[in-house]
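So this block is run16.txt, compact mmCIF, C-alpha atoms and all ligand atoms:
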# COMPACT_ATOMS: atom_id res chain seq x y z
CA MET A 1 97.16 -1.17 60.39
CA SER A 2 96.27 -4.56 61.84
CA ARG A 3 99.36 -6.75 62.15
CA THR A 4 99.80 -10.51 62.38
CA VAL A 5 101.52 -11.48 65.61
CA VAL A 6 102.74 -15.03 66.30
CA VAL A 7 102.99 -15.75 70.03
CA SER A 8 104.60 -18.97 71.20
CA GLY A 9 103.53 -20.04 74.67
CA GLY A 10 100.28 -18.21 73.91
CA GLY A 11 98.09 -20.79 75.64
CA THR A 12 99.18 -19.89 79.19
CA GLY A 13 100.77 -17.33 81.48
CA ILE A 14 102.86 -14.57 79.96
CA GLY A 15 102.14 -15.62 76.36
CA ARG A 16 98.40 -15.53 76.95
CA ALA A 17 98.67 -11.98 78.35
CA VAL A 18 100.85 -10.94 75.41
CA ALA A 19 98.29 -12.28 72.95
CA ALA A 20 95.44 -10.50 74.76
CA ALA A 21 97.37 -7.22 74.74
CA PHE A 22 97.95 -7.36 70.98
CA VAL A 23 94.29 -8.19 70.27
CA GLU A 24 93.27 -5.29 72.49
CA ARG A 25 95.45 -3.04 70.30
CA GLY A 26 93.69 -4.26 67.12
CA ASP A 27 96.16 -6.92 65.92
CA ARG A 28 95.58 -10.55 64.87
CA VAL A 29 97.34 -13.24 66.87
CA VAL A 30 98.41 -16.80 66.14
CA LEU A 31 98.89 -18.73 69.38
CA VAL A 32 101.40 -21.59 69.41
CA GLY A 33 102.00 -24.28 72.02
CA ARG A 34 101.88 -28.05 72.28
CA ARG A 35 98.54 -28.39 74.10
CA GLU A 36 95.63 -27.83 71.77
CA PRO A 37 92.92 -27.46 74.48
CA LYS A 38 94.84 -24.60 76.13
CA LEU A 39 95.26 -22.79 72.82
CA ARG A 40 91.64 -23.33 71.80
CA ALA A 41 90.36 -21.98 75.14
CA VAL A 42 92.47 -18.80 74.90
CA ALA A 43 91.53 -18.25 71.24
CA GLU A 44 87.84 -18.57 72.12
CA THR A 45 88.25 -15.94 74.84
CA LEU A 46 90.10 -13.55 72.53
CA GLY A 47 87.59 -13.82 69.67
CA PRO A 48 87.89 -13.90 65.87
CA GLU A 49 91.27 -12.14 65.76
CA ALA A 50 92.91 -15.17 67.44
CA THR A 51 93.81 -18.47 65.80
CA TRP A 52 96.16 -21.18 66.96
CA VAL A 53 98.57 -23.88 65.80
CA ALA A 54 99.42 -26.80 68.08
CA ALA A 55 103.10 -27.58 67.54
CA ASP A 56 106.22 -28.64 69.41
CA LEU A 57 108.59 -25.80 68.56
CA SER A 58 111.65 -27.69 69.70
CA THR A 59 111.31 -29.67 66.46
CA ALA A 60 111.83 -28.58 62.86
CA ASP A 61 108.47 -30.12 61.90
CA GLY A 62 106.68 -28.10 64.57
CA ALA A 63 108.22 -24.83 63.44
CA ALA A 64 107.46 -25.63 59.78
CA LEU A 65 103.83 -26.27 60.70
CA VAL A 66 103.54 -22.75 62.09
CA ALA A 67 105.17 -21.24 59.00
CA ARG A 68 102.65 -23.03 56.76
CA ALA A 69 99.77 -21.47 58.71
CA VAL A 70 100.96 -17.88 58.22
CA ASP A 71 101.23 -15.82 54.98
CA ARG A 72 102.97 -12.81 56.44
CA VAL A 73 104.06 -11.98 59.98
CA HIS A 74 104.76 -8.57 61.46
CA VAL A 75 105.67 -9.53 65.03
CA ILE A 76 107.13 -12.76 66.42
CA VAL A 77 107.00 -13.21 70.18
CA ALA A 78 109.08 -16.26 71.10
CA GLY A 79 107.71 -16.88 74.57
CA ALA A 80 107.77 -20.66 74.86
CA GLY A 81 110.00 -21.96 77.62
CA GLY A 82 110.21 -23.46 81.05
CA THR A 83 112.18 -25.88 83.19
CA SER A 84 111.73 -28.73 85.61
CA ALA A 85 112.75 -28.58 89.27
CA ALA A 86 114.92 -31.66 88.89
CA VAL A 87 118.41 -31.63 90.38
CA PRO A 88 119.86 -34.78 88.85
CA SER A 89 123.11 -36.30 90.05
CA GLU A 90 123.55 -39.17 87.59
CA LEU A 91 125.47 -38.14 84.47
CA ASP A 92 122.83 -39.47 82.08
CA ALA A 93 120.12 -37.54 83.90
CA ILE A 94 122.23 -34.35 83.93
CA ALA A 95 122.72 -34.64 80.18
CA ARG A 96 118.95 -35.16 79.68
CA GLU A 97 118.09 -32.15 81.85
CA TRP A 98 120.50 -29.81 80.05
CA ARG A 99 119.35 -30.98 76.63
CA ALA A 100 115.69 -30.59 77.64
CA ASP A 101 116.23 -27.01 78.82
CA PHE A 102 118.17 -26.14 75.69
CA ASP A 103 115.40 -27.61 73.51
CA GLN A 104 112.60 -25.92 75.41
CA ASN A 105 114.15 -22.47 75.79
CA VAL A 106 116.57 -22.04 72.89
CA LEU A 107 115.44 -24.22 70.00
CA THR A 108 111.79 -23.19 70.45
CA ALA A 109 112.83 -19.57 69.76
CA VAL A 110 115.52 -20.23 67.16
CA LEU A 111 113.42 -22.61 65.04
CA LEU A 112 110.27 -20.47 65.20
CA VAL A 113 112.11 -17.37 64.03
CA ALA A 114 114.06 -19.27 61.35
CA ALA A 115 110.84 -20.78 59.98
CA LEU A 116 109.02 -17.43 59.92
CA ARG A 117 111.88 -15.22 58.81
CA PRO A 118 111.10 -15.44 55.07
CA LYS A 119 107.62 -14.14 55.92
CA LEU A 120 108.70 -11.37 58.28
CA ALA A 121 107.51 -7.95 57.11
CA GLU A 122 109.89 -5.03 56.65
CA GLN A 123 110.08 -3.13 59.94
CA GLY A 124 109.14 -6.46 61.55
CA ARG A 125 109.66 -7.15 65.21
CA VAL A 126 111.14 -10.17 67.00
CA ILE A 127 110.79 -10.27 70.76
CA GLY A 128 112.24 -13.23 72.63
CA VAL A 129 111.52 -14.06 76.25
CA GLY A 130 114.64 -14.70 78.29
CA SER A 131 114.78 -14.71 82.08
CA ILE A 132 116.24 -13.09 85.14
CA GLY A 133 117.56 -16.63 85.69
CA ALA A 134 120.27 -15.90 83.10
CA GLN A 135 121.42 -12.91 85.15
CA LEU A 136 121.22 -14.42 88.63
CA GLY A 137 122.13 -17.97 87.75
CA SER A 138 119.03 -20.09 88.15
CA GLY A 139 118.60 -22.71 90.84
CA TYR A 140 117.99 -26.42 90.32
CA SER A 141 120.61 -27.84 87.97
CA GLY A 142 121.77 -24.52 86.46
CA SER A 143 120.61 -25.52 83.00
CA TYR A 144 117.65 -23.14 82.76
CA GLY A 145 119.68 -19.97 83.35
CA ALA A 146 122.38 -21.23 81.02
CA ALA A 147 119.85 -21.94 78.27
CA LYS A 148 118.25 -18.52 78.67
CA ALA A 149 121.72 -16.91 78.56
CA ALA A 150 122.25 -18.53 75.16
CA LEU A 151 119.37 -16.39 73.92
CA HIS A 152 121.40 -13.25 74.63
CA ALA A 153 124.02 -14.05 72.01
CA TRP A 154 121.32 -15.25 69.62
CA ILE A 155 119.33 -12.00 69.88
CA PHE A 156 122.48 -9.90 69.36
CA TRP A 157 123.24 -11.88 66.19
CA LEU A 158 119.63 -11.67 65.02
CA ALA A 159 119.47 -7.90 65.55
CA ALA A 160 122.51 -7.50 63.29
CA GLU A 161 120.98 -9.81 60.66
CA LEU A 162 117.64 -8.00 60.62
CA GLY A 163 118.94 -4.44 60.96
CA PRO A 164 119.32 -3.72 57.24
CA THR A 165 115.61 -4.49 56.69
CA GLY A 166 114.53 -2.11 59.44
CA ALA A 167 113.38 -5.02 61.57
CA THR A 168 114.38 -5.23 65.24
CA ALA A 169 115.13 -8.07 67.66
CA ASN A 170 115.07 -7.69 71.44
CA LEU A 171 114.85 -9.93 74.47
CA VAL A 172 112.67 -9.23 77.50
CA LEU A 173 113.96 -10.75 80.74
CA PRO A 174 111.06 -11.25 83.16
CA GLY A 175 111.66 -11.45 86.88
CA TYR A 176 109.29 -13.30 89.18
CA VAL A 177 105.83 -13.75 87.57
CA PRO A 178 103.72 -16.19 89.58
CA ASP A 179 100.40 -16.07 87.71
CA THR A 180 101.68 -18.64 85.18
CA GLU A 181 102.23 -22.39 84.94
CA PHE A 182 105.97 -21.85 85.25
CA PHE A 183 106.51 -22.79 88.91
CA GLY A 184 104.08 -25.70 89.21
CA GLU A 185 104.50 -27.54 92.50
CA ARG A 186 107.54 -25.46 93.46
CA MET A 187 105.19 -22.65 94.55
CA ASN A 188 104.42 -22.13 98.25
CA PRO A 189 104.01 -19.01 100.45
CA GLN A 190 107.69 -18.91 101.52
CA PHE A 191 108.91 -19.36 97.95
CA HIS A 192 106.60 -16.51 96.86
CA GLN A 193 107.58 -14.10 99.64
CA ALA A 194 111.31 -14.65 99.17
CA ARG A 195 110.98 -13.57 95.54
CA VAL A 196 108.78 -10.58 96.29
CA ASP A 197 111.32 -9.47 98.92
CA ARG A 198 114.04 -9.38 96.25
CA THR A 199 112.19 -6.68 94.28
CA LEU A 200 112.52 -2.95 94.95
CA VAL A 201 108.81 -2.33 94.38
CA GLY A 202 107.58 -4.92 96.88
CA ARG A 203 105.40 -7.00 94.62
CA ALA A 204 105.48 -9.89 92.19
CA GLY A 205 105.35 -9.25 88.46
CA THR A 206 102.24 -9.96 86.43
CA PRO A 207 101.91 -11.38 82.93
CA ALA A 208 100.47 -7.97 81.98
CA ASP A 209 103.68 -6.24 83.13
CA VAL A 210 105.62 -8.33 80.62
CA ALA A 211 102.96 -7.98 77.92
CA SER A 212 103.02 -4.18 77.99
CA THR A 213 106.82 -4.19 77.56
CA VAL A 214 106.54 -6.63 74.64
CA CYS A 215 103.87 -4.45 73.01
CA PHE A 216 106.07 -1.37 73.37
CA LEU A 217 109.03 -3.15 71.75
CA ALA A 218 106.69 -4.16 68.91
CA SER A 219 105.45 -0.61 68.39
CA PRO A 220 106.64 1.94 65.79
CA GLU A 221 107.89 4.07 68.70
CA ALA A 222 110.50 1.39 69.47
CA ALA A 223 112.01 1.35 65.96
CA PHE A 224 115.43 2.52 67.24
CA ILE A 225 115.65 -0.14 69.97
CA THR A 226 117.31 -3.34 68.83
CA GLY A 227 119.73 -5.91 70.21
CA GLN A 228 118.71 -5.06 73.78
CA LEU A 229 118.04 -7.09 76.91
CA VAL A 230 115.09 -5.47 78.66
CA GLY A 231 114.56 -6.45 82.31
CA VAL A 232 110.99 -6.54 83.65
CA ASN A 233 111.80 -7.48 87.22
CA GLY A 234 110.65 -4.84 89.71
CA GLY A 235 114.26 -3.88 90.40
CA THR A 236 115.51 -7.32 91.42
CA VAL A 237 118.42 -6.91 88.98
CA LEU A 238 119.71 -3.41 88.27
CA GLY A 239 120.84 -2.09 84.92
CA ARG A 240 122.27 -5.08 83.10
N1 LIG A 301 106.94 -16.96 85.20
C1 LIG A 301 108.15 -16.44 85.48
O1 LIG A 301 108.42 -16.03 86.64
C2 LIG A 301 109.18 -16.31 84.40
C3 LIG A 301 110.37 -15.63 84.73
C4 LIG A 301 111.34 -15.48 83.75
C5 LIG A 301 111.12 -15.98 82.48
N2 LIG A 301 109.97 -16.66 82.20
C6 LIG A 301 109.79 -17.15 80.83
O2 LIG A 301 108.56 -16.64 80.32
C7 LIG A 301 108.12 -17.49 79.27
C8 LIG A 301 106.64 -17.80 79.49
O3 LIG A 301 106.53 -18.62 80.64
P1 LIG A 301 105.34 -18.47 81.69
O4 LIG A 301 105.91 -17.90 82.91
O5 LIG A 301 104.17 -17.85 81.07
O6 LIG A 301 105.08 -20.01 82.05
P2 LIG A 301 104.08 -21.04 81.38
O7 LIG A 301 102.69 -20.66 81.73
O8 LIG A 301 104.58 -22.38 81.81
O9 LIG A 301 104.27 -20.87 79.81
C9 LIG A 301 105.22 -21.56 79.05
C10 LIG A 301 104.61 -21.80 77.68
O10 LIG A 301 105.56 -22.35 76.78
C11 LIG A 301 104.92 -23.33 75.99
N3 LIG A 301 105.93 -24.27 75.53
C12 LIG A 301 106.87 -24.90 76.29
N4 LIG A 301 107.59 -25.75 75.54
C13 LIG A 301 107.10 -25.65 74.28
C14 LIG A 301 107.41 -26.31 73.06
N5 LIG A 301 108.39 -27.24 72.99
N6 LIG A 301 106.72 -25.98 71.94
C15 LIG A 301 105.74 -25.05 72.02
N7 LIG A 301 105.39 -24.41 73.14
C16 LIG A 301 106.06 -24.72 74.26
C17 LIG A 301 103.91 -23.97 76.95
O11 LIG A 301 102.82 -24.55 76.25
P3 LIG A 301 102.69 -26.16 76.06
O12 LIG A 301 103.14 -26.78 77.35
O13 LIG A 301 101.25 -26.35 75.76
O14 LIG A 301 103.58 -26.47 74.92
C18 LIG A 301 103.44 -22.76 77.74
O15 LIG A 301 102.31 -22.15 77.14
C19 LIG A 301 109.02 -18.73 79.31
O16 LIG A 301 109.98 -18.61 78.29
C20 LIG A 301 109.67 -18.65 80.68
O17 LIG A 301 110.91 -19.30 80.69
C21 LIG A 301 109.00 -16.83 83.13
What do you get writing this file as structure tokens?
Ligand SMILES: NC(=O)c1ccc[n+]([C@@H]2O[C@H](COP(=O)([O-])OP(=O)(O)OC[C@H]3O[C@@H](n4cnc5c(N)ncnc54)[C@H](OP(=O)(O)O)[C@@H]3O)[C@@H](O)[C@H]2O)c1
Amino acid sequence: MSRTVVVSGGGTGIGRAVAAAFVERGDRVVLVGRREPKLRAVAETLGPEATWVAADLSTADGAALVARAVDRVHVIVAGAGGTSAAVPSELDAIAREWRADFDQNVLTAVLLVAALRPKLAEQGRVIGVGSIGAQLGSGYSGSYGAAKAALHAWIFWLAAELGPTGATANLVLPGYVPDTEFFGERMNPQFHQARVDRTLVGRAGTPADVASTVCFLASPEAAFITGQLVGVNGGTVLGR
């Protein structure tokens, strides 16, 4: 059966790989992000099974726009997120940074799922994208890891809410995945090597590593897995 899969952050990085993996498995994908040209380019590459909606998911209007574009959804992948490298010291700037990270990483997931929930099929799947930053404590101003940690409690609550319908909710926690827009100008050879050195397998993660885990969690074989935090980090963090 071909399923409808909504992928936020589908225009770049991990989300793009997730969308490609679902299309490869015969599903239809709806890509969501703010930048229309990025979404259009990925949809053109993926072919007729891919459509897109340009929307800011940190807003109620943006999430409602996505819901209007979809009749029924089988899998929601809430992958939108990110952070700046700012380390503000002024109180106003600290407040802005923390609010921005909460908006970008928490509200984008919460509002997307709330908007689509009435259209979620029985046995549906919700997969959020957290971060190793919530386990290690992220650098910069601390707000990114804290925002991602908020997703843990949200996914536990959601799994309990959805359980009676047979639907599941899980969070994947990627480790270091450089082939994305995530790091921007922070990236340099030393930055890269330090993160590779923290893995047990001696390499960086790829968007495809995360995509294959997301696809497994969305599969019928994963029907008994819910309310879990699933690390995809090459062994950088062990067993939690
Ligand atoms: N790369 C890593 O090492 C790593 C590690 C741990 C966790 N993660 C998480 O993995 C997820 C995917 O990130 P990535 O690594 O693939 O980086 P990325 O290439 O920067 O992707 C982030 C995506 O989120 C979208 N997005 C951000 N804010 C949005 C908003 N308000 N509304 C709609 N879409 C929004 C962006 O699209 P627009 O800018 O066009 O809106 C972009 O496509 C993120 O949640 C990130 O926090 C990444």
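You can rank A:Leu120, A:Ala211, A:Val5, A:Leu91 by their closest distance to ligand LIG 301 (chain A) using only C-alpha atoms and all ligand atoms, and at the top of that list sits A:Ala211.
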A:Asp71 proximity check over A:Cys215, A:Asn170, A:Lys119, A:Asp197, using only C-alpha atoms: winner is A:Lys119
Close residues to ligand LIG 301 (chain A) using all atoms listed in the file, limit 7 Å, as a PDB file with C-alpha atoms, keeping the file's coordinate frame:
ATOM      1  CA  SER A   8     104.600 -18.970  71.200  1.00  0.00           C
ATOM      2  CA  GLY A   9     103.530 -20.040  74.670  1.00  0.00           C
ATOM      3  CA  GLY A  10     100.280 -18.210  73.910  1.00  0.00           C
ATOM      4  CA  GLY A  11      98.090 -20.790  75.640  1.00  0.00           C
ATOM      5  CA  THR A  12      99.180 -19.890  79.190  1.00  0.00           C
ATOM      6  CA  GLY A  13     100.770 -17.330  81.480  1.00  0.00           C
ATOM      7  CA  ILE A  14     102.860 -14.570  79.960  1.00  0.00           C
ATOM      8  CA  GLY A  15     102.140 -15.620  76.360  1.00  0.00           C
ATOM      9  CA  VAL A  32     101.400 -21.590  69.410  1.00  0.00           C
ATOM     10  CA  GLY A  33     102.000 -24.280  72.020  1.00  0.00           C
ATOM     11  CA  ARG A  34     101.880 -28.050  72.280  1.00  0.00           C
ATOM     12  CA  ARG A  35      98.540 -28.390  74.100  1.00  0.00           C
ATOM     13  CA  LYS A  38      94.840 -24.600  76.130  1.00  0.00           C
ATOM     14  CA  ALA A  55     103.100 -27.580  67.540  1.00  0.00           C
ATOM     15  CA  ASP A  56     106.220 -28.640  69.410  1.00  0.00           C
ATOM     16  CA  LEU A  57     108.590 -25.800  68.560  1.00  0.00           C
ATOM     17  CA  SER A  58     111.650 -27.690  69.700  1.00  0.00           C
ATOM     18  CA  GLY A  79     107.710 -16.880  74.570  1.00  0.00           C
ATOM     19  CA  ALA A  80     107.770 -20.660  74.860  1.00  0.00           C
ATOM     20  CA  GLY A  81     110.000 -21.960  77.620  1.00  0.00           C
ATOM     21  CA  GLY A  82     110.210 -23.460  81.050  1.00  0.00           C
ATOM     22  CA  GLN A 104     112.600 -25.920  75.410  1.00  0.00           C
ATOM     23  CA  ASN A 105     114.150 -22.470  75.790  1.00  0.00           C
ATOM     24  CA  THR A 108     111.790 -23.190  70.450  1.00  0.00           C
ATOM     25  CA  VAL A 129     111.520 -14.060  76.250  1.00  0.00           C
ATOM     26  CA  GLY A 130     114.640 -14.700  78.290  1.00  0.00           C
ATOM     27  CA  SER A 131     114.780 -14.710  82.080  1.00  0.00           C
ATOM     28  CA  ILE A 132     116.240 -13.090  85.140  1.00  0.00           C
ATOM     29  CA  GLY A 133     117.560 -16.630  85.690  1.00  0.00           C
ATOM     30  CA  LEU A 173     113.960 -10.750  80.740  1.00  0.00           C
ATOM     31  CA  PRO A 174     111.060 -11.250  83.160  1.00  0.00           C
ATOM     32  CA  GLY A 175     111.660 -11.450  86.880  1.00  0.00           C
ATOM     33  CA  TYR A 176     109.290 -13.300  89.180  1.00  0.00           C
ATOM     34  CA  VAL A 177     105.830 -13.750  87.570  1.00  0.00           C
ATOM     35  CA  PRO A 178     103.720 -16.190  89.580  1.00  0.00           C
ATOM     36  CA  THR A 180     101.680 -18.640  85.180  1.00  0.00           C
ATOM     37  CA  GLU A 181     102.230 -22.390  84.940  1.00  0.00           C
ATOM     38  CA  PHE A 182     105.970 -21.850  85.250  1.00  0.00           C
ATOM     39  CA  PHE A 183     106.510 -22.790  88.910  1.00  0.00           C
TER      40      PHE A 183
END
By how many Å are atom CA of A:Val53 and atom CA of A:Arg125 apart?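 Computed distance, atom CA of A:Val53 to atom CA of A:Arg125, equals 20.1 Å.
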Coordinates-based distance that separates atom CA of A:Gly128 from atom CA of A:Val232 (Å, one decimal)
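Separation between atom CA of A:Val232 and atom CA of A:Gly128: 13.0 Å.
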Exercise. What is the distance between atom CA of A:Asp27 and atom CA of A:Ala50, in Å to one decimal?
Worked result: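 Atom-to-atom, atom CA of A:Asp27 to atom CA of A:Ala50, that is 9.0 Å.
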Between A:Gly26, A:Arg117, A:Pro88, A:Ala93, smallest distance to A:Ala64 by all atoms listed in the file belongs to A:Arg117
Using all atoms listed in the file for the distances, tell me which of A:Val73, A:Ala223, A:Val110, A:Leu46 is nearest to A:Ala153.
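Among the listed residues, A:Val110 lies closest to A:Ala153.
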Practice prompt. Go through A:Ile127, A:Ala67, A:Ala100, A:Val23 one by one, measure the shortest atom-to-atom distance of each to A:Ala169 using all atoms listed in the file, and give the residue with the smallest value.
Written response: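 Selected residue with least distance to A:Ala169: A:Ile127.
With only C-alpha atoms as the basis for measurement, A:Leu171 is the residue among A:Leu111, A:Leu171, A:Glu24, A:Phe216 that approaches A:Ala134 most closely.
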**Message:** Using only C-alpha atoms and a cutoff of 6 Å, can you tell me which residues are near (107.4, -20.9, 64.3) in the file's coordinates, and write them out as a list of chain:residue names?
**Reply:** A:Ala63, A:Val66, A:Ala67, A:Leu112, A:Val113, A:Ala115, A:Leu116
Worksheet item: Could you pull the residues within 8 Å of A:Val87, counting all atoms listed in the file, minus those fewer than 2 positions along the same chain, as a list in words?
Response: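 Contacts, in chain order: Ala85, Ser89, Ile94, Tyr140 and Ser141 of chain A.
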